[in-house]
$ cat upload_35.cif   # mmCIF, C-alpha atoms, pLDDT in the B column; chains and numbers go by the auth columns
data_data
#
loop_
_atom_site.group_PDB
_atom_site.id
_atom_site.type_symbol
_atom_site.label_atom_id
_atom_site.label_comp_id
_atom_site.label_asym_id
_atom_site.label_seq_id
_atom_site.Cartn_x
_atom_site.Cartn_y
_atom_site.Cartn_z
_atom_site.B_iso_or_equiv
_atom_site.auth_seq_id
_atom_site.auth_asym_id
ATOM 1 C CA MET A 1 19.481 36.591 18.187 39.00 1420 A
ATOM 2 C CA ARG A 2 21.733 39.547 17.377 43.00 1421 A
ATOM 3 C CA GLY A 3 22.639 41.663 14.356 43.00 1422 A
ATOM 4 C CA MET A 4 20.822 40.175 11.366 46.00 1423 A
ATOM 5 C CA GLU A 5 18.990 37.868 13.756 49.00 1424 A
ATOM 6 C CA VAL A 6 20.793 34.760 12.542 50.00 1425 A
ATOM 7 C CA PRO A 7 18.892 31.665 13.701 55.00 1426 A
ATOM 8 C CA SER A 8 20.702 29.462 16.168 53.00 1427 A
ATOM 9 C CA TRP A 9 20.851 26.580 13.711 50.00 1428 A
ATOM 10 C CA ALA A 10 22.505 28.845 11.121 54.00 1429 A
ATOM 11 C CA ARG A 11 25.813 29.045 13.033 51.00 1430 A
ATOM 12 C CA ALA A 12 27.180 25.984 11.292 47.00 1431 A
ATOM 13 C CA GLN A 13 26.176 24.343 8.043 50.00 1432 A
ATOM 14 C CA GLN A 14 27.391 20.843 8.866 51.00 1433 A
ATOM 15 C CA PRO A 15 27.260 20.076 12.600 52.00 1434 A
ATOM 16 C CA LYS A 16 29.358 17.142 13.720 57.00 1435 A
ATOM 17 C CA SER A 17 26.908 15.705 16.244 61.00 1436 A
ATOM 18 C CA VAL A 18 23.175 15.387 16.717 61.00 1437 A
ATOM 19 C CA SER A 19 23.481 17.039 20.140 68.00 1438 A
ATOM 20 C CA LEU A 20 24.110 20.350 18.359 65.00 1439 A
ATOM 21 C CA PHE A 21 20.741 20.078 16.660 66.00 1440 A
ATOM 22 C CA GLU A 22 19.093 19.375 20.011 70.00 1441 A
ATOM 23 C CA LYS A 23 20.860 22.395 21.533 73.00 1442 A
ATOM 24 C CA TRP A 24 19.768 24.613 18.649 70.00 1443 A
ATOM 25 C CA ALA A 25 16.209 23.305 18.911 72.00 1444 A
ATOM 26 C CA LYS A 26 16.082 24.314 22.586 76.00 1445 A
ATOM 27 C CA GLU A 27 17.332 27.786 21.666 76.00 1446 A
ATOM 28 C CA ASP A 28 14.700 28.033 18.939 75.00 1447 A
ATOM 29 C CA GLN A 29 12.008 26.987 21.392 75.00 1448 A
ATOM 30 C CA GLU A 30 13.226 29.747 23.701 79.00 1449 A
ATOM 31 C CA GLY A 31 12.926 32.130 20.746 75.00 1450 A
ATOM 32 C CA TYR A 32 9.319 31.045 20.251 74.00 1451 A
ATOM 33 C CA ARG A 33 8.634 31.601 23.955 77.00 1452 A
ATOM 34 C CA LEU A 34 10.112 35.124 23.893 78.00 1453 A
ATOM 35 C CA HIS A 35 8.202 35.977 20.737 74.00 1454 A
ATOM 36 C CA ASN A 36 4.876 34.777 22.144 73.00 1455 A
ATOM 37 C CA ALA A 37 5.498 36.623 25.419 76.00 1456 A
ATOM 38 C CA ALA A 38 6.255 39.831 23.497 74.00 1457 A
ATOM 39 C CA MET A 39 3.103 39.385 21.412 71.00 1458 A
ATOM 40 C CA ARG A 40 1.002 38.995 24.548 71.00 1459 A
ATOM 41 C CA LYS A 41 2.610 42.121 25.999 70.00 1460 A
ATOM 42 C CA LYS A 42 1.985 44.009 22.766 67.00 1461 A
ATOM 43 C CA THR A 43 -1.734 43.250 22.847 64.00 1462 A
ATOM 44 C CA THR A 44 -2.270 43.760 26.590 67.00 1463 A
ATOM 45 C CA SER A 45 0.193 46.491 27.608 62.00 1464 A
ATOM 46 C CA LEU A 46 -0.106 50.236 27.069 60.00 1465 A
ATOM 47 C CA LYS A 47 3.664 50.389 26.380 61.00 1466 A
ATOM 48 C CA PRO A 48 4.395 47.368 24.208 55.00 1467 A
ATOM 49 C CA GLY A 49 7.980 46.339 23.604 56.00 1468 A
ATOM 50 C CA LYS A 50 9.635 45.313 20.343 61.00 1469 A
ATOM 51 C CA VAL A 51 8.516 41.893 19.132 55.00 1470 A
ATOM 52 C CA PRO A 52 11.544 39.732 18.198 57.00 1471 A
ATOM 53 C CA SER A 53 11.298 37.722 15.003 66.00 1472 A
ATOM 54 C CA ARG A 54 11.038 33.997 15.526 70.00 1473 A
ATOM 55 C CA PRO A 55 12.365 31.158 13.351 76.00 1474 A
ATOM 56 C CA ALA A 56 10.084 29.655 10.739 82.00 1475 A
ATOM 57 C CA THR A 57 7.833 26.891 12.014 83.00 1476 A
ATOM 58 C CA PRO A 58 8.174 23.355 10.588 85.00 1477 A
ATOM 59 C CA ALA A 59 4.888 23.832 8.715 84.00 1478 A
ATOM 60 C CA GLN A 60 6.177 27.046 7.102 87.00 1479 A
ATOM 61 C CA VAL A 61 9.455 25.388 6.076 89.00 1480 A
ATOM 62 C CA ARG A 62 7.543 22.404 4.697 88.00 1481 A
ATOM 63 C CA ALA A 63 5.358 24.741 2.626 87.00 1482 A
ATOM 64 C CA LYS A 64 8.440 26.475 1.196 89.00 1483 A
ATOM 65 C CA VAL A 65 9.925 23.133 0.157 89.00 1484 A
ATOM 66 C CA ARG A 66 6.670 22.113 -1.530 85.00 1485 A
ATOM 67 C CA LYS A 67 6.650 25.455 -3.335 84.00 1486 A
ATOM 68 C CA LEU A 68 10.067 24.631 -4.825 84.00 1487 A
ATOM 69 C CA ILE A 69 8.684 21.317 -6.048 81.00 1488 A
ATOM 70 C CA ASN A 70 5.404 22.662 -7.442 74.00 1489 A
ATOM 71 C CA LYS A 71 6.285 26.168 -8.665 72.00 1490 A
ATOM 72 C CA ARG A 72 9.867 25.615 -9.836 77.00 1491 A
ATOM 73 C CA SER A 73 9.374 21.960 -10.873 75.00 1492 A
ATOM 74 C CA MET A 74 12.521 20.961 -8.980 82.00 1493 A
ATOM 75 C CA LYS A 75 13.253 17.331 -8.193 86.00 1494 A
ATOM 76 C CA ILE A 76 13.489 16.252 -4.571 88.00 1495 A
ATOM 77 C CA LYS A 77 17.020 14.900 -4.989 89.00 1496 A
ATOM 78 C CA ASP A 78 18.186 18.288 -6.334 88.00 1497 A
ATOM 79 C CA ILE A 79 16.614 20.112 -3.380 88.00 1498 A
ATOM 80 C CA GLN A 80 18.224 17.679 -0.936 89.00 1499 A
ATOM 81 C CA LYS A 81 21.597 18.206 -2.608 88.00 1500 A
ATOM 82 C CA LEU A 82 21.318 21.991 -2.217 86.00 1501 A
ATOM 83 C CA MET A 83 20.518 21.498 1.481 86.00 1502 A
ATOM 84 C CA GLY A 84 23.393 19.092 2.125 85.00 1503 A
ATOM 85 C CA ASN A 85 21.476 15.783 1.894 87.00 1504 A
ATOM 86 C CA PRO A 86 20.057 15.897 5.458 86.00 1505 A
ATOM 87 C CA SER A 87 18.636 12.808 7.121 86.00 1506 A
ATOM 88 C CA GLY A 88 15.029 12.490 8.263 85.00 1507 A
ATOM 89 C CA TRP A 89 13.684 14.048 5.061 88.00 1508 A
ATOM 90 C CA GLY A 90 10.694 11.750 4.565 86.00 1509 A
ATOM 91 C CA LYS A 91 9.651 11.936 8.205 84.00 1510 A
ATOM 92 C CA PHE A 92 9.820 15.730 8.205 85.00 1511 A
ATOM 93 C CA MET A 93 7.974 16.234 4.893 84.00 1512 A
ATOM 94 C CA ASN A 94 5.266 13.760 5.844 81.00 1513 A
ATOM 95 C CA GLY A 95 4.629 15.560 9.108 74.00 1514 A
ATOM 96 C CA ALA A 96 2.368 12.799 10.441 67.00 1515 A
ATOM 97 C CA SER A 97 4.852 11.906 13.186 66.00 1516 A
ATOM 98 C CA TYR A 98 4.945 15.488 14.460 68.00 1517 A
ATOM 99 C CA LYS A 99 1.304 16.054 15.295 68.00 1518 A
ATOM 100 C CA TYR A 100 0.175 17.302 18.701 59.00 1519 A
ATOM 101 C CA PRO A 101 1.469 16.656 21.373 63.00 1520 A
ATOM 102 C CA SER A 102 4.765 15.829 19.623 64.00 1521 A
ATOM 103 C CA ALA A 103 4.821 18.890 17.359 64.00 1522 A
ATOM 104 C CA GLY A 104 7.958 20.289 19.031 71.00 1523 A
ATOM 105 C CA ALA A 105 9.958 17.208 18.064 76.00 1524 A
ATOM 106 C CA ALA A 106 10.118 18.475 14.469 78.00 1525 A
ATOM 107 C CA LEU A 107 12.539 21.192 15.651 80.00 1526 A
ATOM 108 C CA CYS A 108 15.110 18.444 16.304 81.00 1527 A
ATOM 109 C CA ASN A 109 14.798 16.989 12.813 83.00 1528 A
ATOM 110 C CA GLU A 110 17.949 17.412 10.706 85.00 1529 A
ATOM 111 C CA ALA A 111 15.955 18.065 7.523 87.00 1530 A
ATOM 112 C CA TYR A 112 14.067 20.911 9.235 87.00 1531 A
ATOM 113 C CA ASN A 113 17.289 22.531 10.442 85.00 1532 A
ATOM 114 C CA ALA A 114 18.997 22.160 7.061 86.00 1533 A
ATOM 115 C CA ALA A 115 15.968 23.516 5.167 87.00 1534 A
ATOM 116 C CA SER A 116 15.571 26.419 7.606 85.00 1535 A
ATOM 117 C CA PHE A 117 19.236 27.367 7.192 83.00 1536 A
ATOM 118 C CA PHE A 118 18.959 27.070 3.399 85.00 1537 A
ATOM 119 C CA PHE A 119 15.964 29.414 3.190 85.00 1538 A
ATOM 120 C CA TRP A 120 17.618 31.832 5.624 81.00 1539 A
ATOM 121 C CA CYS A 121 20.665 31.970 3.320 80.00 1540 A
ATOM 122 C CA GLU A 122 18.424 32.500 0.304 81.00 1541 A
ATOM 123 C CA LYS A 123 16.903 35.545 2.006 79.00 1542 A
ATOM 124 C CA ASN A 124 19.918 37.089 3.754 76.00 1543 A
ATOM 125 C CA VAL A 125 23.094 35.951 1.958 72.00 1544 A
ATOM 126 C CA SER A 126 22.979 34.769 -1.655 72.00 1545 A
ATOM 127 C CA SER A 127 20.633 32.655 -3.717 75.00 1546 A
ATOM 128 C CA ARG A 128 21.718 29.232 -4.943 74.00 1547 A
ATOM 129 C CA LEU A 129 18.423 28.372 -6.598 78.00 1548 A
ATOM 130 C CA PRO A 130 18.329 28.087 -10.391 71.00 1549 A
ATOM 131 C CA PRO A 131 16.461 30.886 -12.193 70.00 1550 A
ATOM 132 C CA VAL A 132 12.774 30.359 -12.848 65.00 1551 A
ATOM 133 C CA MET A 133 12.210 29.320 -16.438 65.00 1552 A
ATOM 134 C CA LYS A 134 8.735 30.271 -17.608 67.00 1553 A
ATOM 135 C CA VAL A 135 7.524 28.040 -20.410 69.00 1554 A
ATOM 136 C CA ALA A 136 4.793 29.491 -22.581 75.00 1555 A
ATOM 137 C CA LYS A 137 1.686 27.315 -22.359 79.00 1556 A
ATOM 138 C CA PRO A 138 -0.756 26.952 -25.266 83.00 1557 A
ATOM 139 C CA SER A 139 -4.207 28.510 -25.141 85.00 1558 A
ATOM 140 C CA LEU A 140 -7.270 26.437 -24.436 86.00 1559 A
ATOM 141 C CA PRO A 141 -9.023 25.163 -27.589 86.00 1560 A
ATOM 142 C CA ASP A 142 -12.385 26.693 -28.460 87.00 1561 A
ATOM 143 C CA ILE A 143 -15.153 24.835 -26.605 86.00 1562 A
ATOM 144 C CA SER A 144 -18.041 27.210 -27.336 85.00 1563 A
ATOM 145 C CA ALA A 145 -19.557 24.955 -30.023 85.00 1564 A
ATOM 146 C CA VAL A 146 -18.942 21.648 -28.224 85.00 1565 A
ATOM 147 C CA LYS A 147 -22.067 19.872 -26.970 85.00 1566 A
ATOM 148 C CA VAL A 148 -21.959 17.338 -24.161 82.00 1567 A
ATOM 149 C CA THR A 149 -24.620 14.885 -23.045 80.00 1568 A
ATOM 150 C CA ARG A 150 -24.769 14.938 -19.276 79.00 1569 A
ATOM 151 C CA HIS A 151 -25.702 11.749 -17.448 75.00 1570 A
ATOM 152 C CA PRO A 152 -26.638 11.425 -13.770 73.00 1571 A
ATOM 153 C CA LEU A 153 -23.424 9.798 -12.590 80.00 1572 A
ATOM 154 C CA VAL A 154 -20.054 11.617 -12.542 82.00 1573 A
ATOM 155 C CA HIS A 155 -16.677 9.927 -12.078 83.00 1574 A
ATOM 156 C CA ILE A 156 -15.230 12.268 -9.446 85.00 1575 A
ATOM 157 C CA LYS A 157 -11.680 10.878 -9.391 86.00 1576 A
ATOM 158 C CA ASN A 158 -11.360 10.896 -13.182 87.00 1577 A
ATOM 159 C CA THR A 159 -12.775 14.435 -13.338 87.00 1578 A
ATOM 160 C CA GLN A 160 -10.308 15.656 -10.732 87.00 1579 A
ATOM 161 C CA THR A 161 -7.416 14.091 -12.685 88.00 1580 A
ATOM 162 C CA ALA A 162 -8.687 15.620 -15.947 88.00 1581 A
ATOM 163 C CA LEU A 163 -9.008 19.087 -14.388 88.00 1582 A
ATOM 164 C CA LYS A 164 -5.466 18.939 -12.977 87.00 1583 A
ATOM 165 C CA ARG A 165 -4.156 17.898 -16.410 89.00 1584 A
ATOM 166 C CA ILE A 166 -5.969 20.793 -18.104 89.00 1585 A
ATOM 167 C CA CYS A 167 -4.637 23.314 -15.559 87.00 1586 A
ATOM 168 C CA LYS A 168 -1.104 22.042 -16.074 84.00 1587 A
ATOM 169 C CA LYS A 169 -1.264 21.888 -19.868 87.00 1588 A
ATOM 170 C CA TYR A 170 -2.973 25.166 -20.781 87.00 1589 A
ATOM 171 C CA ASP A 171 -2.558 28.828 -19.878 84.00 1590 A
ATOM 172 C CA LEU A 172 -5.482 28.878 -17.461 85.00 1591 A
ATOM 173 C CA THR A 173 -6.362 30.324 -14.093 86.00 1592 A
ATOM 174 C CA TYR A 174 -9.281 29.429 -11.877 87.00 1593 A
ATOM 175 C CA SER A 175 -10.875 32.779 -12.772 90.00 1594 A
ATOM 176 C CA LYS A 176 -10.686 32.016 -16.505 89.00 1595 A
ATOM 177 C CA MET A 177 -12.153 28.554 -15.978 90.00 1596 A
ATOM 178 C CA SER A 178 -14.975 30.000 -13.895 90.00 1597 A
ATOM 179 C CA ALA A 179 -15.801 32.422 -16.725 90.00 1598 A
ATOM 180 C CA LEU A 180 -15.737 29.610 -19.313 89.00 1599 A
ATOM 181 C CA MET A 181 -18.187 27.542 -17.277 88.00 1600 A
ATOM 182 C CA GLY A 182 -20.849 30.234 -17.641 87.00 1601 A
ATOM 183 C CA ARG A 183 -22.752 32.631 -15.441 87.00 1602 A
ATOM 184 C CA LEU A 184 -26.089 32.607 -13.664 86.00 1603 A
ATOM 185 C CA LYS A 185 -28.312 35.573 -12.836 83.00 1604 A
ATOM 186 C CA PHE A 186 -26.514 36.500 -9.622 84.00 1605 A
ATOM 187 C CA GLY A 187 -22.972 35.301 -10.270 86.00 1606 A
ATOM 188 C CA PRO A 188 -20.772 32.638 -11.844 88.00 1607 A
ATOM 189 C CA ARG A 189 -22.126 29.127 -12.287 89.00 1608 A
ATOM 190 C CA VAL A 190 -18.979 27.742 -10.656 89.00 1609 A
ATOM 191 C CA SER A 191 -16.979 29.987 -8.332 89.00 1610 A
ATOM 192 C CA VAL A 192 -13.188 30.106 -8.029 88.00 1611 A
ATOM 193 C CA ALA A 193 -13.441 28.693 -4.499 88.00 1612 A
ATOM 194 C CA GLN A 194 -15.427 25.687 -5.757 88.00 1613 A
ATOM 195 C CA ILE A 195 -12.843 24.970 -8.461 88.00 1614 A
ATOM 196 C CA SER A 196 -9.988 25.251 -5.965 86.00 1615 A
ATOM 197 C CA LYS A 197 -11.779 22.962 -3.512 85.00 1616 A
ATOM 198 C CA PHE A 198 -12.416 20.367 -6.223 85.00 1617 A
ATOM 199 C CA VAL A 199 -8.786 20.401 -7.384 83.00 1618 A
ATOM 200 C CA ASN A 200 -7.471 19.942 -3.842 80.00 1619 A
ATOM 201 C CA THR A 201 -10.030 17.588 -2.302 79.00 1620 A
ATOM 202 C CA GLY A 202 -12.294 16.303 -5.076 76.00 1621 A
ATOM 203 C CA GLY A 203 -15.305 17.538 -3.110 76.00 1622 A
ATOM 204 C CA SER A 204 -17.519 20.290 -4.458 73.00 1623 A
ATOM 205 C CA GLU A 205 -21.232 20.735 -5.081 80.00 1624 A
ATOM 206 C CA ALA A 206 -20.385 21.951 -8.610 82.00 1625 A
ATOM 207 C CA PHE A 207 -18.773 18.669 -9.719 84.00 1626 A
ATOM 208 C CA GLY A 208 -21.320 18.250 -12.550 86.00 1627 A
ATOM 209 C CA ASP A 209 -20.469 21.578 -14.209 89.00 1628 A
ATOM 210 C CA ILE A 210 -16.752 20.950 -13.731 89.00 1629 A
ATOM 211 C CA ALA A 211 -17.076 17.502 -15.326 88.00 1630 A
ATOM 212 C CA GLU A 212 -18.954 19.043 -18.266 89.00 1631 A
ATOM 213 C CA PHE A 213 -16.164 21.602 -18.771 90.00 1632 A
ATOM 214 C CA CYS A 214 -13.473 18.876 -18.711 89.00 1633 A
ATOM 215 C CA GLU A 215 -15.515 16.739 -21.101 88.00 1634 A
ATOM 216 C CA LYS A 216 -15.776 19.632 -23.564 89.00 1635 A
ATOM 217 C CA VAL A 217 -12.021 20.224 -23.442 89.00 1636 A
ATOM 218 C CA GLN A 218 -11.317 16.532 -24.070 87.00 1637 A
ATOM 219 C CA MET A 219 -13.667 16.527 -27.067 87.00 1638 A
ATOM 220 C CA ALA A 220 -12.108 19.740 -28.444 89.00 1639 A
ATOM 221 C CA GLU A 221 -8.655 18.147 -28.170 87.00 1640 A
ATOM 222 C CA GLY A 222 -9.836 15.339 -30.436 84.00 1641 A
ATOM 223 C CA GLN A 223 -8.443 12.652 -28.173 75.00 1642 A
ATOM 224 C CA LYS A 224 -10.362 9.485 -27.408 74.00 1643 A
ATOM 225 C CA ARG A 225 -10.795 9.431 -23.664 75.00 1644 A
ATOM 226 C CA LYS A 226 -13.239 7.683 -21.393 78.00 1645 A
ATOM 227 C CA SER A 227 -16.332 9.768 -20.664 80.00 1646 A
ATOM 228 C CA LEU A 228 -16.540 11.410 -17.265 81.00 1647 A
ATOM 229 C CA PHE A 229 -20.305 10.719 -17.145 77.00 1648 A
ATOM 230 C CA SER A 230 -22.168 7.429 -16.998 77.00 1649 A
ATOM 231 C CA LYS A 231 -25.787 6.341 -17.003 75.00 1650 A
ATOM 232 C CA LEU A 232 -27.618 4.869 -14.064 67.00 1651 A
ATOM 233 C CA PRO A 233 -27.481 1.066 -14.011 72.00 1652 A
ATOM 234 C CA LYS A 234 -30.685 -0.641 -15.038 72.00 1653 A
ATOM 235 C CA ARG A 235 -32.660 -2.251 -12.267 68.00 1654 A
ATOM 236 C CA ARG A 236 -33.338 -5.929 -12.515 66.00 1655 A
ATOM 237 C CA ARG A 237 -36.916 -7.011 -12.342 66.00 1656 A
ATOM 238 C CA VAL A 238 -37.600 -9.535 -9.638 60.00 1657 A
#
$ encode --input "upload_35.cif" --output "structure tokens"
Amino acid sequence: MRGMEVPSWARAQQPKSVSLFEKWAKEDQEGYRLHNAAMRKKTTSLKPGKVPSRPATPAQVRAKVRKLINKRSMKIKDIQKLMGNPSGWGKFMNGASYKYPSAGAALCNEAYNAASFFFWCEKNVSSRLPPVMKVAKPSLPDISAVKVTRHPLVHIKNTQTALKRICKKYDLTYSKMSALMGRLKFGPRVSVAQISKFVNTGGSEAFGDIAEFCEKVQMAEGQKRKSLFSKLPKRRRV
């Protein structure tokens, strides 16, 4: 890498053969090797050398693509068009086929090379992405006077869906939601980490308080929705 440290796969936008991608992947792997060797020297030597920058890993490129989809609300077909409609898109974005010990095979994927070149151009040349349009979201309705009857059973999947809908619809952050769910003597009733974990995985020890918050919002909206709580089934007498 010389000058602006142009990645090897950035020397041509539309290679004519797959062998070029394989050649570039080998050069990128060599770049990883040099970078790791320099890092080891930096931590173990008294006179460390300059650490060369390495190309973005497939996981980093995949995260950048997902950020375009989630943060900018771009459609996949529009992103693919900006990157030249590369092949192997689904396989690269899924990532399941590139787990250890085949993680290095992702460097030969055409979608990875095209996406890497695209993001390199965005940083070093000129941006082709559309401007971010911020749409003003409404404020959350007042839920201070809403009373909810809590039952023992909570529908986790429905609660997770309801919480995602509320986050998307209203001008809310996890910190604001944590404050709205109340406080205990030594801290918030539901922490930001618990809310984030529930949104991503559906697993959190605070699912009851989160379900109560979502139930209050649904009642304040005035929409008839199925309750997120349910009673225990009655036992049959034998």
$ atom_distance --input "upload_35.cif" --atom1 "CA of Ser1535 in chain A" --atom2 "CA of Val1484 in chain A"
9.9 Å
$ resolve_selection --input "upload_35.cif" --expression "the PyMOL selection byres ((chain A and resi 1582) around 12)" --output "VMD selection string"
chain A and resid 1575 to 1581 1583 to 1589 1591 to 1593 1596 1614 to 1619 1621 1626 1628 to 1637 1647
$ resolve_selection --input "upload_35.cif" --expression "the PyMOL selection byres ((chain A and resi 1505) around 6)" --output "MDAnalysis selection string"
chainID A and resid 1503:1504 1506 1529:1530
$ write_last_selection --input "upload_35.cif" --atoms "C-alpha atoms" --output "PDB file, in the frame of the given file"
ATOM      1  CA  GLY A1503      23.393  19.092   2.125  1.00 85.00           C
ATOM      2  CA  ASN A1504      21.476  15.783   1.894  1.00 87.00           C
ATOM      3  CA  SER A1506      18.636  12.808   7.121  1.00 86.00           C
ATOM      4  CA  GLU A1529      17.949  17.412  10.706  1.00 85.00           C
ATOM      5  CA  ALA A1530      15.955  18.065   7.523  1.00 87.00           C
TER       6      ALA A1530
END
$ atom_distance --input "upload_35.cif" --atom1 "CA of Phe1536 in chain A" --atom2 "CA of Met1502 in chain A"
8.3 Å
$ resolve_selection --input "upload_35.cif" --expression "the PyMOL selection byres ((chain A and resi 1598) around 10)" --output "list in words"
Tyr1593, Ser1594, Lys1595, Met1596, Ser1597, Leu1599, Met1600, Gly1601, Arg1602, Pro1607, Arg1608, Val1609, Ser1610 and Val1611 of chain A
$ atom_distance --input "upload_35.cif" --atom1 "CA of Trp1508 in chain A" --atom2 "CA of Thr1620 in chain A"
25.1 Å
$ residues_around --input "upload_35.cif" --residues "Gly1627 in chain A" --least-positions-apart "5" --cutoff "9 Å" --atoms "only C-alpha atoms" --output "tab-separated table (two decimals) with C-alpha atoms, in the coordinates of the input"
chain	number	residue	atom	x	y	z
A	1569	ARG	CA	-24.77	14.94	-19.28
A	1571	PRO	CA	-26.64	11.42	-13.77
A	1572	LEU	CA	-23.42	9.80	-12.59
A	1573	VAL	CA	-20.05	11.62	-12.54
A	1632	PHE	CA	-16.16	21.60	-18.77
A	1648	PHE	CA	-20.30	10.72	-17.14
$ closest_residue --input "upload_35.cif" --among "A:Leu1487, A:Arg1452, A:Gln1479, A:Lys1643" --to "Pro1549 in chain A" --atoms "only C-alpha atoms"
A:Leu1487
$ closest_residue --input "upload_35.cif" --among "A:Ser1492, A:Lys1650, A:Met1638, A:Arg1644" --to "Val1565 in chain A" --atoms "all atoms listed in the file"
A:Met1638
$ residues_around --input "upload_35.cif" --residues "Asp1590 in chain A" --least-positions-apart "3" --cutoff "7 Å" --atoms "all atoms listed in the file" --output "PyMOL selection string"
chain A and resi 1556-1559
$ decode --input "upload_35.cif" --residues "range 1538-1557 of chain A" --atoms "N, CA and C atoms" --output "mmCIF file, in the first residue's frame"
data_model
loop_
_atom_site.group_PDB
_atom_site.id
_atom_site.type_symbol
_atom_site.label_atom_id
_atom_site.label_comp_id
_atom_site.auth_asym_id
_atom_site.auth_seq_id
_atom_site.Cartn_x
_atom_site.Cartn_y
_atom_site.Cartn_z
ATOM 1 N N PHE A 1538 -16.934 1.866 0.242
ATOM 2 C CA PHE A 1538 -16.726 2.618 1.485
ATOM 3 C C PHE A 1538 -15.375 3.334 1.482
ATOM 4 N N TRP A 1539 -14.377 2.751 0.795
ATOM 5 C CA TRP A 1539 -13.100 3.450 0.666
ATOM 6 C C TRP A 1539 -13.281 4.734 -0.141
ATOM 7 N N CYS A 1540 -14.061 4.662 -1.224
ATOM 8 C CA CYS A 1540 -14.328 5.863 -2.032
ATOM 9 C C CYS A 1540 -15.103 6.904 -1.239
ATOM 10 N N GLU A 1541 -16.049 6.450 -0.421
ATOM 11 C CA GLU A 1541 -16.823 7.382 0.390
ATOM 12 C C GLU A 1541 -15.918 8.168 1.341
ATOM 13 N N LYS A 1542 -14.870 7.516 1.828
ATOM 14 C CA LYS A 1542 -13.976 8.150 2.796
ATOM 15 C C LYS A 1542 -12.903 8.989 2.130
ATOM 16 N N ASN A 1543 -12.360 8.528 1.000
ATOM 17 C CA ASN A 1543 -11.164 9.161 0.431
ATOM 18 C C ASN A 1543 -11.412 9.961 -0.846
ATOM 19 N N VAL A 1544 -12.487 9.689 -1.572
ATOM 20 C CA VAL A 1544 -12.698 10.365 -2.857
ATOM 21 C C VAL A 1544 -13.904 11.299 -2.761
ATOM 22 N N SER A 1545 -15.076 10.799 -3.054
ATOM 23 C CA SER A 1545 -16.285 11.624 -2.994
ATOM 24 C C SER A 1545 -17.455 10.739 -2.606
ATOM 25 N N SER A 1546 -18.416 11.339 -1.929
ATOM 26 C CA SER A 1546 -19.559 10.582 -1.438
ATOM 27 C C SER A 1546 -20.654 10.515 -2.490
ATOM 28 N N ARG A 1547 -21.201 9.312 -2.676
ATOM 29 C CA ARG A 1547 -22.320 9.116 -3.590
ATOM 30 C C ARG A 1547 -23.603 8.783 -2.849
ATOM 31 N N LEU A 1548 -23.535 8.789 -1.518
ATOM 32 C CA LEU A 1548 -24.713 8.469 -0.728
ATOM 33 C C LEU A 1548 -25.669 9.658 -0.692
ATOM 34 N N PRO A 1549 -26.970 9.397 -0.687
ATOM 35 C CA PRO A 1549 -27.923 10.506 -0.564
ATOM 36 C C PRO A 1549 -27.830 11.142 0.807
ATOM 37 N N PRO A 1550 -28.150 12.435 0.931
ATOM 38 C CA PRO A 1550 -28.077 13.088 2.243
ATOM 39 C C PRO A 1550 -29.064 12.477 3.225
ATOM 40 N N VAL A 1551 -28.690 12.524 4.492
ATOM 41 C CA VAL A 1551 -29.548 11.967 5.541
ATOM 42 C C VAL A 1551 -30.711 12.920 5.786
ATOM 43 N N MET A 1552 -31.901 12.390 5.651
ATOM 44 C CA MET A 1552 -33.113 13.181 5.873
ATOM 45 C C MET A 1552 -33.683 12.832 7.241
ATOM 46 N N LYS A 1553 -33.588 13.761 8.178
ATOM 47 C CA LYS A 1553 -34.107 13.527 9.511
ATOM 48 C C LYS A 1553 -35.575 13.932 9.583
ATOM 49 N N VAL A 1554 -36.406 12.952 9.876
ATOM 50 C CA VAL A 1554 -37.842 13.189 9.998
ATOM 51 C C VAL A 1554 -38.169 13.368 11.470
ATOM 52 N N ALA A 1555 -38.864 14.460 11.767
ATOM 53 C CA ALA A 1555 -39.216 14.732 13.160
ATOM 54 C C ALA A 1555 -40.245 13.709 13.642
ATOM 55 N N LYS A 1556 -39.931 13.038 14.735
ATOM 56 C CA LYS A 1556 -40.836 12.043 15.301
ATOM 57 C C LYS A 1556 -41.697 12.681 16.382
ATOM 58 N N PRO A 1557 -42.932 12.206 16.543
ATOM 59 C CA PRO A 1557 -43.794 12.774 17.595
ATOM 60 C C PRO A 1557 -43.309 12.370 18.986
#
